[in-house]
>>> print(open('data_30.cif').read())   # mmCIF, C-alpha atoms, pLDDT in the B column; chains and numbers go by the auth columns
data_coords
#
loop_
_atom_site.group_PDB
_atom_site.id
_atom_site.type_symbol
_atom_site.label_atom_id
_atom_site.label_comp_id
_atom_site.label_asym_id
_atom_site.label_seq_id
_atom_site.Cartn_x
_atom_site.Cartn_y
_atom_site.Cartn_z
_atom_site.B_iso_or_equiv
_atom_site.auth_seq_id
_atom_site.auth_asym_id
ATOM 1 C CA LYS A 1 28.830 -39.852 14.345 48.00 142 A
ATOM 2 C CA SER A 2 32.078 -38.378 13.015 54.00 143 A
ATOM 3 C CA VAL A 3 30.109 -35.587 11.295 47.00 144 A
ATOM 4 C CA SER A 4 28.198 -34.745 14.485 55.00 145 A
ATOM 5 C CA MET A 5 31.445 -34.681 16.481 51.00 146 A
ATOM 6 C CA TRP A 6 33.012 -32.394 13.877 44.00 147 A
ATOM 7 C CA LEU A 7 30.020 -30.051 14.022 45.00 148 A
ATOM 8 C CA LYS A 8 30.219 -30.022 17.820 51.00 149 A
ATOM 9 C CA ARG A 9 33.924 -29.087 17.698 57.00 150 A
ATOM 10 C CA VAL A 10 33.211 -26.309 15.185 49.00 151 A
ATOM 11 C CA TYR A 11 30.391 -24.939 17.364 47.00 152 A
ATOM 12 C CA GLN A 12 32.570 -24.980 20.487 54.00 153 A
ATOM 13 C CA ALA A 13 35.435 -23.279 18.663 52.00 154 A
ATOM 14 C CA LYS A 14 33.269 -20.517 17.205 55.00 155 A
ATOM 15 C CA MET A 15 30.603 -20.023 19.870 58.00 156 A
ATOM 16 C CA GLY A 16 31.706 -21.952 22.912 58.00 157 A
ATOM 17 C CA GLU A 17 31.886 -18.820 25.079 70.00 158 A
ATOM 18 C CA MET A 18 28.324 -17.719 24.198 70.00 159 A
ATOM 19 C CA SER A 19 25.062 -19.020 25.576 73.00 160 A
ATOM 20 C CA GLY A 20 22.404 -20.338 23.231 75.00 161 A
ATOM 21 C CA ARG A 21 20.395 -17.159 23.781 82.00 162 A
ATOM 22 C CA GLN A 22 23.379 -15.006 22.822 83.00 163 A
ATOM 23 C CA VAL A 23 23.935 -17.024 19.653 82.00 164 A
ATOM 24 C CA LEU A 24 20.281 -16.643 18.629 87.00 165 A
ATOM 25 C CA THR A 25 20.301 -12.919 19.453 90.00 166 A
ATOM 26 C CA LYS A 26 23.471 -12.260 17.461 88.00 167 A
ATOM 27 C CA THR A 27 22.153 -14.328 14.546 89.00 168 A
ATOM 28 C CA ALA A 28 18.957 -12.262 14.455 93.00 169 A
ATOM 29 C CA LEU A 29 20.918 -9.014 14.733 93.00 170 A
ATOM 30 C CA VAL A 30 23.313 -9.910 11.921 92.00 171 A
ATOM 31 C CA PHE A 31 20.287 -10.496 9.666 94.00 172 A
ATOM 32 C CA LEU A 32 19.079 -7.031 10.682 95.00 173 A
ATOM 33 C CA SER A 33 22.468 -5.380 10.090 93.00 174 A
ATOM 34 C CA SER A 34 22.752 -7.055 6.672 93.00 175 A
ATOM 35 C CA THR A 35 19.296 -5.762 5.748 94.00 176 A
ATOM 36 C CA ILE A 36 20.230 -2.219 6.789 95.00 177 A
ATOM 37 C CA THR A 37 23.519 -2.334 4.876 93.00 178 A
ATOM 38 C CA ALA A 38 21.901 -3.753 1.735 93.00 179 A
ATOM 39 C CA PHE A 39 19.269 -0.993 1.811 93.00 180 A
ATOM 40 C CA GLY A 40 21.993 1.660 2.004 93.00 181 A
ATOM 41 C CA VAL A 41 24.041 0.077 -0.779 91.00 182 A
ATOM 42 C CA GLY A 42 20.919 -0.151 -2.958 91.00 183 A
ATOM 43 C CA LEU A 43 20.222 3.586 -2.546 91.00 184 A
ATOM 44 C CA PHE A 44 23.848 4.309 -3.340 86.00 185 A
ATOM 45 C CA ILE A 45 23.918 2.275 -6.560 87.00 186 A
ATOM 46 C CA CYS A 46 20.498 3.342 -7.854 90.00 187 A
ATOM 47 C CA SER A 47 21.271 7.038 -7.364 88.00 188 A
ATOM 48 C CA GLY A 48 23.475 6.885 -10.464 87.00 189 A
ATOM 49 C CA LEU A 49 26.039 9.196 -8.837 87.00 190 A
ATOM 50 C CA GLY A 50 28.624 6.568 -7.947 82.00 191 A
ATOM 51 C CA SER A 51 28.872 4.165 -5.026 81.00 192 A
ATOM 52 C CA ASP A 52 31.326 2.374 -2.779 82.00 193 A
ATOM 53 C CA SER A 53 34.080 0.285 -4.340 88.00 194 A
ATOM 54 C CA ILE A 54 32.470 -3.154 -4.384 88.00 195 A
ATOM 55 C CA SER A 55 29.148 -1.649 -5.474 86.00 196 A
ATOM 56 C CA VAL A 56 30.897 -0.124 -8.514 91.00 197 A
ATOM 57 C CA TRP A 57 32.010 -3.659 -9.326 93.00 198 A
ATOM 58 C CA LEU A 58 28.458 -5.007 -8.908 92.00 199 A
ATOM 59 C CA ASP A 59 27.104 -2.149 -11.025 90.00 200 A
ATOM 60 C CA GLY A 60 29.640 -2.988 -13.733 94.00 201 A
ATOM 61 C CA LEU A 61 28.706 -6.677 -13.714 94.00 202 A
ATOM 62 C CA ASP A 62 25.042 -5.758 -14.066 92.00 203 A
ATOM 63 C CA HIS A 63 25.774 -3.218 -16.823 92.00 204 A
ATOM 64 C CA THR A 64 27.783 -5.737 -18.872 95.00 205 A
ATOM 65 C CA PHE A 65 25.896 -8.976 -18.286 95.00 206 A
ATOM 66 C CA HIS A 66 22.402 -7.642 -17.356 92.00 207 A
ATOM 67 C CA ILE A 67 22.043 -10.022 -14.410 91.00 208 A
ATOM 68 C CA GLY A 68 20.756 -7.607 -11.757 89.00 209 A
ATOM 69 C CA ILE A 69 22.596 -6.170 -8.770 87.00 210 A
ATOM 70 C CA GLY A 70 21.349 -8.909 -6.442 88.00 211 A
ATOM 71 C CA THR A 71 22.581 -11.716 -8.690 91.00 212 A
ATOM 72 C CA ALA A 72 25.902 -9.928 -9.232 92.00 213 A
ATOM 73 C CA SER A 73 26.290 -9.663 -5.458 90.00 214 A
ATOM 74 C CA LEU A 74 25.348 -13.321 -4.962 90.00 215 A
ATOM 75 C CA LEU A 75 27.902 -14.492 -7.543 93.00 216 A
ATOM 76 C CA THR A 76 30.654 -12.295 -6.098 93.00 217 A
ATOM 77 C CA ASN A 77 29.889 -13.318 -2.522 89.00 218 A
ATOM 78 C CA THR A 78 29.710 -17.008 -3.462 90.00 219 A
ATOM 79 C CA VAL A 79 33.223 -16.831 -4.950 92.00 220 A
ATOM 80 C CA THR A 80 34.684 -14.917 -1.996 91.00 221 A
ATOM 81 C CA LEU A 81 32.851 -17.067 0.587 88.00 222 A
ATOM 82 C CA SER A 82 34.103 -20.247 -1.090 91.00 223 A
ATOM 83 C CA THR A 83 37.645 -18.857 -0.951 91.00 224 A
ATOM 84 C CA VAL A 84 37.222 -18.031 2.735 88.00 225 A
ATOM 85 C CA LEU A 85 35.864 -21.495 3.561 86.00 226 A
ATOM 86 C CA LEU A 86 38.820 -23.102 1.816 89.00 227 A
ATOM 87 C CA PHE A 87 41.653 -20.909 3.077 88.00 228 A
ATOM 88 C CA CYS A 88 40.471 -18.551 5.855 84.00 229 A
ATOM 89 C CA ARG A 89 38.180 -20.638 8.066 81.00 230 A
ATOM 90 C CA ARG A 90 39.562 -19.133 11.280 80.00 231 A
ATOM 91 C CA PHE A 91 37.738 -15.875 10.443 78.00 232 A
ATOM 92 C CA VAL A 92 34.397 -17.503 9.547 80.00 233 A
ATOM 93 C CA ASN A 93 31.319 -17.364 11.736 82.00 234 A
ATOM 94 C CA VAL A 94 27.563 -17.201 11.254 82.00 235 A
ATOM 95 C CA GLY A 95 27.777 -13.533 10.303 84.00 236 A
ATOM 96 C CA THR A 96 30.116 -14.314 7.414 86.00 237 A
ATOM 97 C CA ALA A 97 27.570 -16.519 5.653 86.00 238 A
ATOM 98 C CA VAL A 98 24.637 -14.206 6.416 88.00 239 A
ATOM 99 C CA MET A 99 26.483 -11.168 5.066 86.00 240 A
ATOM 100 C CA ALA A 100 27.504 -13.061 1.939 84.00 241 A
ATOM 101 C CA LEU A 101 24.169 -14.650 1.006 86.00 242 A
ATOM 102 C CA PHE A 102 21.277 -12.882 2.775 90.00 243 A
ATOM 103 C CA PHE A 103 22.740 -9.464 1.919 90.00 244 A
ATOM 104 C CA ALA A 104 22.620 -10.328 -1.797 89.00 245 A
ATOM 105 C CA TRP A 105 18.988 -11.462 -1.546 91.00 246 A
ATOM 106 C CA VAL A 106 17.888 -8.240 0.192 92.00 247 A
ATOM 107 C CA LEU A 107 19.830 -6.124 -2.305 90.00 248 A
ATOM 108 C CA GLY A 108 18.146 -7.906 -5.210 90.00 249 A
ATOM 109 C CA LEU A 109 14.764 -7.374 -3.561 91.00 250 A
ATOM 110 C CA CYS A 110 15.332 -3.629 -3.072 89.00 251 A
ATOM 111 C CA GLU A 111 16.879 -2.832 -6.443 87.00 252 A
ATOM 112 C CA PRO A 112 13.810 -2.774 -8.760 89.00 253 A
ATOM 113 C CA TRP A 113 11.726 -0.325 -6.727 89.00 254 A
ATOM 114 C CA MET A 114 14.763 1.834 -5.913 91.00 255 A
ATOM 115 C CA ARG A 115 15.572 2.141 -9.622 89.00 256 A
ATOM 116 C CA ALA A 116 11.927 2.951 -10.312 91.00 257 A
ATOM 117 C CA MET A 117 12.013 5.613 -7.597 90.00 258 A
ATOM 118 C CA ALA A 118 15.200 7.120 -9.060 88.00 259 A
ATOM 119 C CA ALA A 119 13.696 7.128 -12.566 87.00 260 A
ATOM 120 C CA ALA A 120 10.529 8.849 -11.323 87.00 261 A
ATOM 121 C CA HIS A 121 12.576 11.650 -9.731 87.00 262 A
ATOM 122 C CA ALA A 122 15.120 12.708 -12.341 80.00 263 A
ATOM 123 C CA GLY A 123 16.278 15.845 -10.520 84.00 264 A
ATOM 124 C CA LEU A 124 19.866 16.012 -9.315 87.00 265 A
ATOM 125 C CA SER A 125 18.798 17.101 -5.828 90.00 266 A
ATOM 126 C CA PHE A 126 16.743 13.924 -5.271 91.00 267 A
ATOM 127 C CA HIS A 127 19.626 11.712 -6.426 91.00 268 A
ATOM 128 C CA ALA A 128 21.976 13.630 -4.134 91.00 269 A
ATOM 129 C CA VAL A 129 19.635 12.855 -1.236 91.00 270 A
ATOM 130 C CA MET A 130 19.723 9.181 -2.252 92.00 271 A
ATOM 131 C CA VAL A 131 23.525 9.217 -2.108 91.00 272 A
ATOM 132 C CA LEU A 132 23.639 10.914 1.289 92.00 273 A
ATOM 133 C CA ALA A 133 20.944 8.664 2.763 93.00 274 A
ATOM 134 C CA GLY A 134 22.561 5.569 1.250 92.00 275 A
ATOM 135 C CA LEU A 135 25.972 6.491 2.670 90.00 276 A
ATOM 136 C CA ALA A 136 24.598 7.163 6.158 93.00 277 A
ATOM 137 C CA ILE A 137 22.555 3.932 6.220 94.00 278 A
ATOM 138 C CA MET A 138 25.437 1.867 4.829 90.00 279 A
ATOM 139 C CA ILE A 139 27.902 3.226 7.407 90.00 280 A
ATOM 140 C CA PHE A 140 25.462 2.481 10.224 94.00 281 A
ATOM 141 C CA GLY A 141 24.847 -1.036 8.875 92.00 282 A
ATOM 142 C CA TRP A 142 28.562 -1.821 8.618 87.00 283 A
ATOM 143 C CA SER A 143 29.191 -0.375 12.095 88.00 284 A
ATOM 144 C CA PHE A 144 26.383 -2.529 13.507 91.00 285 A
ATOM 145 C CA THR A 145 27.878 -5.621 11.849 87.00 286 A
ATOM 146 C CA VAL A 146 31.388 -4.888 13.134 82.00 287 A
ATOM 147 C CA SER A 147 30.090 -4.368 16.685 86.00 288 A
ATOM 148 C CA LEU A 148 28.413 -7.782 16.675 86.00 289 A
ATOM 149 C CA ARG A 149 31.826 -9.469 16.228 81.00 290 A
ATOM 150 C CA PHE A 150 30.119 -12.491 14.757 84.00 291 A
ATOM 151 C CA GLY A 151 32.397 -13.143 11.793 79.00 292 A
ATOM 152 C CA PHE A 152 34.286 -11.048 9.246 76.00 293 A
ATOM 153 C CA ASP A 153 32.765 -10.372 5.859 81.00 294 A
ATOM 154 C CA SER A 154 34.360 -12.459 3.083 86.00 295 A
ATOM 155 C CA THR A 155 36.751 -9.849 1.691 86.00 296 A
ATOM 156 C CA ASP A 156 38.024 -8.782 5.126 81.00 297 A
ATOM 157 C CA ALA A 157 38.564 -12.438 6.080 84.00 298 A
ATOM 158 C CA ILE A 158 40.804 -12.826 3.026 89.00 299 A
ATOM 159 C CA LEU A 159 42.729 -9.649 3.890 85.00 300 A
ATOM 160 C CA PHE A 160 43.298 -10.735 7.508 83.00 301 A
ATOM 161 C CA GLU A 161 44.469 -14.154 6.338 88.00 302 A
ATOM 162 C CA ILE A 162 47.033 -12.417 4.111 90.00 303 A
ATOM 163 C CA LEU A 163 48.168 -10.299 7.073 85.00 304 A
ATOM 164 C CA LEU A 164 48.781 -13.433 9.137 85.00 305 A
ATOM 165 C CA HIS A 165 51.293 -14.576 6.534 88.00 306 A
ATOM 166 C CA ARG A 166 52.651 -11.082 5.810 87.00 307 A
ATOM 167 C CA PRO A 167 52.671 -9.404 9.253 83.00 308 A
ATOM 168 C CA ARG A 168 54.714 -6.423 8.039 86.00 309 A
ATOM 169 C CA TRP A 169 51.981 -5.432 5.616 84.00 310 A
ATOM 170 C CA GLN A 170 49.264 -3.061 6.794 80.00 311 A
ATOM 171 C CA TYR A 171 45.521 -3.579 6.564 74.00 312 A
ATOM 172 C CA ARG A 172 44.786 -0.059 5.327 75.00 313 A
ATOM 173 C CA PHE A 173 47.084 -0.442 2.317 83.00 314 A
ATOM 174 C CA LEU A 174 45.647 -3.853 1.440 85.00 315 A
ATOM 175 C CA LYS A 175 42.146 -2.391 1.748 81.00 316 A
ATOM 176 C CA ILE A 176 43.035 0.547 -0.506 83.00 317 A
ATOM 177 C CA ALA A 177 44.495 -1.843 -3.077 88.00 318 A
ATOM 178 C CA LEU A 178 41.388 -4.041 -2.981 88.00 319 A
ATOM 179 C CA ASP A 179 39.039 -1.056 -3.244 86.00 320 A
ATOM 180 C CA GLY A 180 41.074 0.286 -6.157 88.00 321 A
ATOM 181 C CA THR A 181 40.837 -3.068 -7.912 92.00 322 A
ATOM 182 C CA PHE A 182 37.048 -3.231 -7.500 92.00 323 A
ATOM 183 C CA ILE A 183 36.603 0.366 -8.673 91.00 324 A
ATOM 184 C CA THR A 184 38.850 -0.067 -11.718 93.00 325 A
ATOM 185 C CA ALA A 185 37.332 -3.381 -12.776 95.00 326 A
ATOM 186 C CA GLY A 186 33.789 -2.127 -12.190 94.00 327 A
ATOM 187 C CA PHE A 187 34.435 1.080 -14.128 94.00 328 A
ATOM 188 C CA LEU A 188 35.855 -0.873 -17.087 96.00 329 A
ATOM 189 C CA LEU A 189 32.696 -3.008 -17.080 95.00 330 A
ATOM 190 C CA GLY A 190 30.487 0.086 -17.151 93.00 331 A
ATOM 191 C CA GLY A 191 29.902 0.755 -13.443 91.00 332 A
ATOM 192 C CA VAL A 192 29.257 4.354 -12.431 87.00 333 A
ATOM 193 C CA VAL A 193 32.117 6.151 -10.673 90.00 334 A
ATOM 194 C CA GLY A 194 31.202 9.579 -9.347 88.00 335 A
ATOM 195 C CA ILE A 195 30.911 11.824 -6.335 89.00 336 A
ATOM 196 C CA GLY A 196 29.334 8.977 -4.362 87.00 337 A
ATOM 197 C CA THR A 197 32.470 6.871 -4.887 88.00 338 A
ATOM 198 C CA VAL A 198 34.698 9.659 -3.564 87.00 339 A
ATOM 199 C CA MET A 199 32.417 10.245 -0.574 87.00 340 A
ATOM 200 C CA SER A 200 32.372 6.556 0.261 84.00 341 A
ATOM 201 C CA PHE A 201 36.151 6.279 -0.039 80.00 342 A
ATOM 202 C CA LEU A 202 36.698 9.267 2.270 82.00 343 A
ATOM 203 C CA LEU A 203 33.908 8.821 4.810 84.00 344 A
ATOM 204 C CA THR A 204 33.136 5.111 5.277 82.00 345 A
ATOM 205 C CA GLY A 205 36.247 4.238 7.292 76.00 346 A
ATOM 206 C CA PRO A 206 36.091 7.260 9.635 83.00 347 A
ATOM 207 C CA GLY A 207 32.314 6.878 9.950 85.00 348 A
ATOM 208 C CA VAL A 208 32.546 3.247 10.999 82.00 349 A
ATOM 209 C CA GLY A 209 35.390 4.086 13.384 79.00 350 A
ATOM 210 C CA LEU A 210 33.251 6.788 14.987 85.00 351 A
ATOM 211 C CA LEU A 211 30.062 4.731 15.364 88.00 352 A
ATOM 212 C CA VAL A 212 31.425 1.355 16.501 84.00 353 A
ATOM 213 C CA PRO A 213 32.433 2.486 20.048 87.00 354 A
ATOM 214 C CA HIS A 214 28.963 3.998 20.569 89.00 355 A
ATOM 215 C CA ILE A 215 27.181 0.862 19.302 89.00 356 A
ATOM 216 C CA ASP A 216 29.494 -1.263 21.450 85.00 357 A
ATOM 217 C CA ARG A 217 28.326 0.599 24.550 86.00 358 A
#
>>> encode(input="data_30.cif", output="structure tokens")
Amino acid sequence: KSVSMWLKRVYQAKMGEMSGRQVLTKTALVFLSSTITAFGVGLFICSGLGSDSISVWLDGLDHTFHIGIGTASLLTNTVTLSTVLLFCRRFVNVGTAVMALFFAWVLGLCEPWMRAMAAAHAGLSFHAVMVLAGLAIMIFGWSFTVSLRFGFDSTDAILFEILLHRPRWQYRFLKIALDGTFITAGFLLGGVVGIGTVMSFLLTGPGVGLLVPHIDR
């Protein structure tokens, strides 16, 4: 009984203002947005021309320990999600868990055939197309996820929890520091840093900022 009452309180706190239909719709859409984002990230990584910050980290884990991008993502997301559940629960919702776990599964599913596709087309122009397509798809996927407002991803939840305790700090500087940490650690582990990394660093934030108002409407 106490467990059911606790679950009821959690549901009311997180989704009390939404109807059951809205909850189901947003749950389905966050699975879709995670699939789109994972597809874009997979193209980015498998292009071999560099990727976004956390993907450099995942690439480095795979390069050093040979565990696969999907498993590397699952391990990373499990650690960050566990941290969020322990210390940042106010920012958790259904989308947080879906983005942490389902995203990793889709990424692991896409990786083998994307790597095979990249290996079959060794030309620089094809890999450049992979980077551009991956960046565009990833930005759209992240924008879609943000517009759903159904829970922060694990790393952002941690950053916003820090900002609650350090209100004078700014999100953009924390984000830059986190991205720099992922890129440096991933590079030291053998992850590829290249033109794709620079493009992601420069374009992801503005791209998401541009698309979210349109998706909101």
>>> atom_distance(input="data_30.cif", atom1="CA of Pro347 in chain A", atom2="CA of Trp283 in chain A")
11.8 Å
>>> closest_residue(input="data_30.cif", among="A:Asn218, A:Ser341, A:Ser196, A:Gln311", to="Gly183 in chain A", atoms="all atoms listed in the file")
A:Ser196
>>> closest_residue(input="data_30.cif", among="A:Gly332, A:Gly337, A:Gly189, A:Gly348", to="Met258 in chain A", atoms="all atoms listed in the file")
A:Gly189
>>> resolve_selection(input="data_30.cif", expression="the PyMOL selection byres ((chain A and resi 202-207) around 12)", output="PyMOL selection string")
chain A and resi 186-187+195-201+208-217+249+252+323-324+326-333
>>> atom_distance(input="data_30.cif", atom1="CA of Asp193 in chain A", atom2="CA of Thr338 in chain A")
5.1 Å
>>> resolve_selection(input="data_30.cif", expression="the PyMOL selection byres ((chain A and resi 294-304) around 6)", output="list in words")
Thr221, Leu222, Cys229, Phe232, Thr237, Phe293, Leu305, His306, Arg307 and Pro308 of chain A
>>> write_last_selection(input="data_30.cif", atoms="C-alpha atoms", output="mmCIF file, in the frame of the given file")
data_model
loop_
_atom_site.group_PDB
_atom_site.id
_atom_site.type_symbol
_atom_site.label_atom_id
_atom_site.label_comp_id
_atom_site.auth_asym_id
_atom_site.auth_seq_id
_atom_site.Cartn_x
_atom_site.Cartn_y
_atom_site.Cartn_z
ATOM 1 C CA THR A 221 34.684 -14.917 -1.996
ATOM 2 C CA LEU A 222 32.851 -17.067 0.587
ATOM 3 C CA CYS A 229 40.471 -18.551 5.855
ATOM 4 C CA PHE A 232 37.738 -15.875 10.443
ATOM 5 C CA THR A 237 30.116 -14.314 7.414
ATOM 6 C CA PHE A 293 34.286 -11.048 9.246
ATOM 7 C CA LEU A 305 48.781 -13.433 9.137
ATOM 8 C CA HIS A 306 51.293 -14.576 6.534
ATOM 9 C CA ARG A 307 52.651 -11.082 5.810
ATOM 10 C CA PRO A 308 52.671 -9.404 9.253
#
>>> resolve_selection(input="data_30.cif", expression="the PyMOL selection byres ((chain A and resi 287) around 12)", output="compact mmCIF listing (two decimals) with C-alpha atoms, in the frame of the given file")
# COMPACT_ATOMS: atom_id res chain seq x y z
CA LYS A 167 23.47 -12.26 17.46
CA LEU A 170 20.92 -9.01 14.73
CA VAL A 171 23.31 -9.91 11.92
CA SER A 174 22.47 -5.38 10.09
CA SER A 175 22.75 -7.06 6.67
CA THR A 178 23.52 -2.33 4.88
CA GLY A 236 27.78 -13.53 10.30
CA THR A 237 30.12 -14.31 7.41
CA MET A 240 26.48 -11.17 5.07
CA ILE A 280 27.90 3.23 7.41
CA PHE A 281 25.46 2.48 10.22
CA GLY A 282 24.85 -1.04 8.88
CA TRP A 283 28.56 -1.82 8.62
CA SER A 284 29.19 -0.38 12.10
CA PHE A 285 26.38 -2.53 13.51
CA THR A 286 27.88 -5.62 11.85
CA SER A 288 30.09 -4.37 16.68
CA LEU A 289 28.41 -7.78 16.68
CA ARG A 290 31.83 -9.47 16.23
CA PHE A 291 30.12 -12.49 14.76
CA GLY A 292 32.40 -13.14 11.79
CA PHE A 293 34.29 -11.05 9.25
CA ASP A 294 32.76 -10.37 5.86
CA ASP A 297 38.02 -8.78 5.13
CA GLY A 346 36.25 4.24 7.29
CA VAL A 349 32.55 3.25 11.00
CA GLY A 350 35.39 4.09 13.38
CA LEU A 351 33.25 6.79 14.99
CA LEU A 352 30.06 4.73 15.36
CA VAL A 353 31.42 1.36 16.50
CA PRO A 354 32.43 2.49 20.05
CA HIS A 355 28.96 4.00 20.57
CA ILE A 356 27.18 0.86 19.30
CA ASP A 357 29.49 -1.26 21.45
>>> atom_distance(input="data_30.cif", atom1="CA of Pro253 in chain A", atom2="CA of Val339 in chain A")
24.9 Å
>>> closest_residue(input="data_30.cif", among="A:Thr224, A:Thr322, A:Asn234, A:Ser188", to="Val272 in chain A", atoms="only C-alpha atoms")
A:Ser188
>>> residues_near_point(input="data_30.cif", point="(21.9, 9.2, 5.8)", cutoff="12 Å", atoms="only C-alpha atoms", output="list in words")
Ile177, Thr178, Phe180, Gly181, Val182, Leu184, Phe185, Ala269, Val270, Met271, Val272, Leu273, Ala274, Gly275, Leu276, Ala277, Ile278, Met279, Ile280, Phe281, Gly282, Thr345 and Gly348 of chain A
>>> residues_around(input="data_30.cif", residues="Phe243 in chain A", least_positions_apart="4", cutoff="9 Å", atoms="only C-alpha atoms", output="number ranges by chain")
A: 172, 175-176, 215, 238-239, 247-248
>>> build_atoms(input="data_30.cif", residues="range 241-258 of chain A", atoms="N, CA, C and O atoms", output="PDB file, keeping the file's coordinate frame")
ATOM      1  N   ALA A 241      27.215 -12.694   3.318  1.00 84.00           N
ATOM      2  CA  ALA A 241      27.504 -13.061   1.939  1.00 84.00           C
ATOM      3  C   ALA A 241      26.243 -13.403   1.151  1.00 84.00           C
ATOM      4  O   ALA A 241      26.109 -13.009  -0.015  1.00 84.00           O
ATOM      5  N   LEU A 242      25.304 -14.112   1.751  1.00 86.00           N
ATOM      6  CA  LEU A 242      24.169 -14.650   1.006  1.00 86.00           C
ATOM      7  C   LEU A 242      22.877 -13.868   1.235  1.00 86.00           C
ATOM      8  O   LEU A 242      22.197 -13.487   0.284  1.00 86.00           O
ATOM      9  N   PHE A 243      22.517 -13.604   2.493  1.00 90.00           N
ATOM     10  CA  PHE A 243      21.277 -12.882   2.775  1.00 90.00           C
ATOM     11  C   PHE A 243      21.355 -11.443   2.269  1.00 90.00           C
ATOM     12  O   PHE A 243      20.379 -10.898   1.751  1.00 90.00           O
ATOM     13  N   PHE A 244      22.524 -10.820   2.418  1.00 90.00           N
ATOM     14  CA  PHE A 244      22.740  -9.464   1.919  1.00 90.00           C
ATOM     15  C   PHE A 244      22.399  -9.374   0.433  1.00 90.00           C
ATOM     16  O   PHE A 244      21.711  -8.447  -0.007  1.00 90.00           O
ATOM     17  N   ALA A 245      22.871 -10.339  -0.350  1.00 89.00           N
ATOM     18  CA  ALA A 245      22.620 -10.328  -1.797  1.00 89.00           C
ATOM     19  C   ALA A 245      21.132 -10.457  -2.095  1.00 89.00           C
ATOM     20  O   ALA A 245      20.610  -9.805  -3.014  1.00 89.00           O
ATOM     21  N   TRP A 246      20.430 -11.280  -1.324  1.00 91.00           N
ATOM     22  CA  TRP A 246      18.988 -11.462  -1.546  1.00 91.00           C
ATOM     23  C   TRP A 246      18.230 -10.171  -1.273  1.00 91.00           C
ATOM     24  O   TRP A 246      17.365  -9.766  -2.050  1.00 91.00           O
ATOM     25  N   VAL A 247      18.556  -9.499  -0.153  1.00 92.00           N
ATOM     26  CA  VAL A 247      17.888  -8.240   0.192  1.00 92.00           C
ATOM     27  C   VAL A 247      18.190  -7.170  -0.858  1.00 92.00           C
ATOM     28  O   VAL A 247      17.305  -6.419  -1.278  1.00 92.00           O
ATOM     29  N   LEU A 248      19.446  -7.111  -1.293  1.00 90.00           N
ATOM     30  CA  LEU A 248      19.830  -6.124  -2.305  1.00 90.00           C
ATOM     31  C   LEU A 248      19.062  -6.344  -3.605  1.00 90.00           C
ATOM     32  O   LEU A 248      18.576  -5.389  -4.222  1.00 90.00           O
ATOM     33  N   GLY A 249      18.918  -7.600  -4.014  1.00 90.00           N
ATOM     34  CA  GLY A 249      18.146  -7.906  -5.210  1.00 90.00           C
ATOM     35  C   GLY A 249      16.679  -7.566  -5.060  1.00 90.00           C
ATOM     36  O   GLY A 249      16.012  -7.162  -6.020  1.00 90.00           O
ATOM     37  N   LEU A 250      16.165  -7.693  -3.835  1.00 91.00           N
ATOM     38  CA  LEU A 250      14.764  -7.374  -3.561  1.00 91.00           C
ATOM     39  C   LEU A 250      14.523  -5.866  -3.623  1.00 91.00           C
ATOM     40  O   LEU A 250      13.483  -5.402  -4.104  1.00 91.00           O
ATOM     41  N   CYS A 251      15.483  -5.090  -3.130  1.00 89.00           N
ATOM     42  CA  CYS A 251      15.332  -3.629  -3.072  1.00 89.00           C
ATOM     43  C   CYS A 251      15.557  -2.952  -4.421  1.00 89.00           C
ATOM     44  O   CYS A 251      14.962  -1.890  -4.691  1.00 89.00           O
ATOM     45  N   GLU A 252      16.425  -3.526  -5.230  1.00 87.00           N
ATOM     46  CA  GLU A 252      16.879  -2.832  -6.443  1.00 87.00           C
ATOM     47  C   GLU A 252      15.767  -2.362  -7.373  1.00 87.00           C
ATOM     48  O   GLU A 252      15.768  -1.183  -7.783  1.00 87.00           O
ATOM     49  N   PRO A 253      14.792  -3.216  -7.756  1.00 89.00           N
ATOM     50  CA  PRO A 253      13.810  -2.774  -8.760  1.00 89.00           C
ATOM     51  C   PRO A 253      13.037  -1.531  -8.342  1.00 89.00           C
ATOM     52  O   PRO A 253      12.893  -0.592  -9.130  1.00 89.00           O
ATOM     53  N   TRP A 254      12.529  -1.485  -7.108  1.00 89.00           N
ATOM     54  CA  TRP A 254      11.726  -0.325  -6.727  1.00 89.00           C
ATOM     55  C   TRP A 254      12.587   0.902  -6.454  1.00 89.00           C
ATOM     56  O   TRP A 254      12.141   2.037  -6.649  1.00 89.00           O
ATOM     57  N   MET A 255      13.864   0.691  -6.077  1.00 91.00           N
ATOM     58  CA  MET A 255      14.763   1.834  -5.913  1.00 91.00           C
ATOM     59  C   MET A 255      15.093   2.458  -7.263  1.00 91.00           C
ATOM     60  O   MET A 255      15.157   3.685  -7.403  1.00 91.00           O
ATOM     61  N   ARG A 256      15.310   1.615  -8.273  1.00 89.00           N
ATOM     62  CA  ARG A 256      15.572   2.141  -9.622  1.00 89.00           C
ATOM     63  C   ARG A 256      14.331   2.854 -10.151  1.00 89.00           C
ATOM     64  O   ARG A 256      14.450   3.892 -10.819  1.00 89.00           O
ATOM     65  N   ALA A 257      13.162   2.298  -9.876  1.00 91.00           N
ATOM     66  CA  ALA A 257      11.927   2.951 -10.312  1.00 91.00           C
ATOM     67  C   ALA A 257      11.758   4.298  -9.619  1.00 91.00           C
ATOM     68  O   ALA A 257      11.333   5.284 -10.244  1.00 91.00           O
ATOM     69  N   MET A 258      12.099   4.364  -8.342  1.00 90.00           N
ATOM     70  CA  MET A 258      12.013   5.613  -7.597  1.00 90.00           C
ATOM     71  C   MET A 258      12.982   6.643  -8.164  1.00 90.00           C
ATOM     72  O   MET A 258      12.632   7.822  -8.335  1.00 90.00           O
TER      73      MET A 258
END
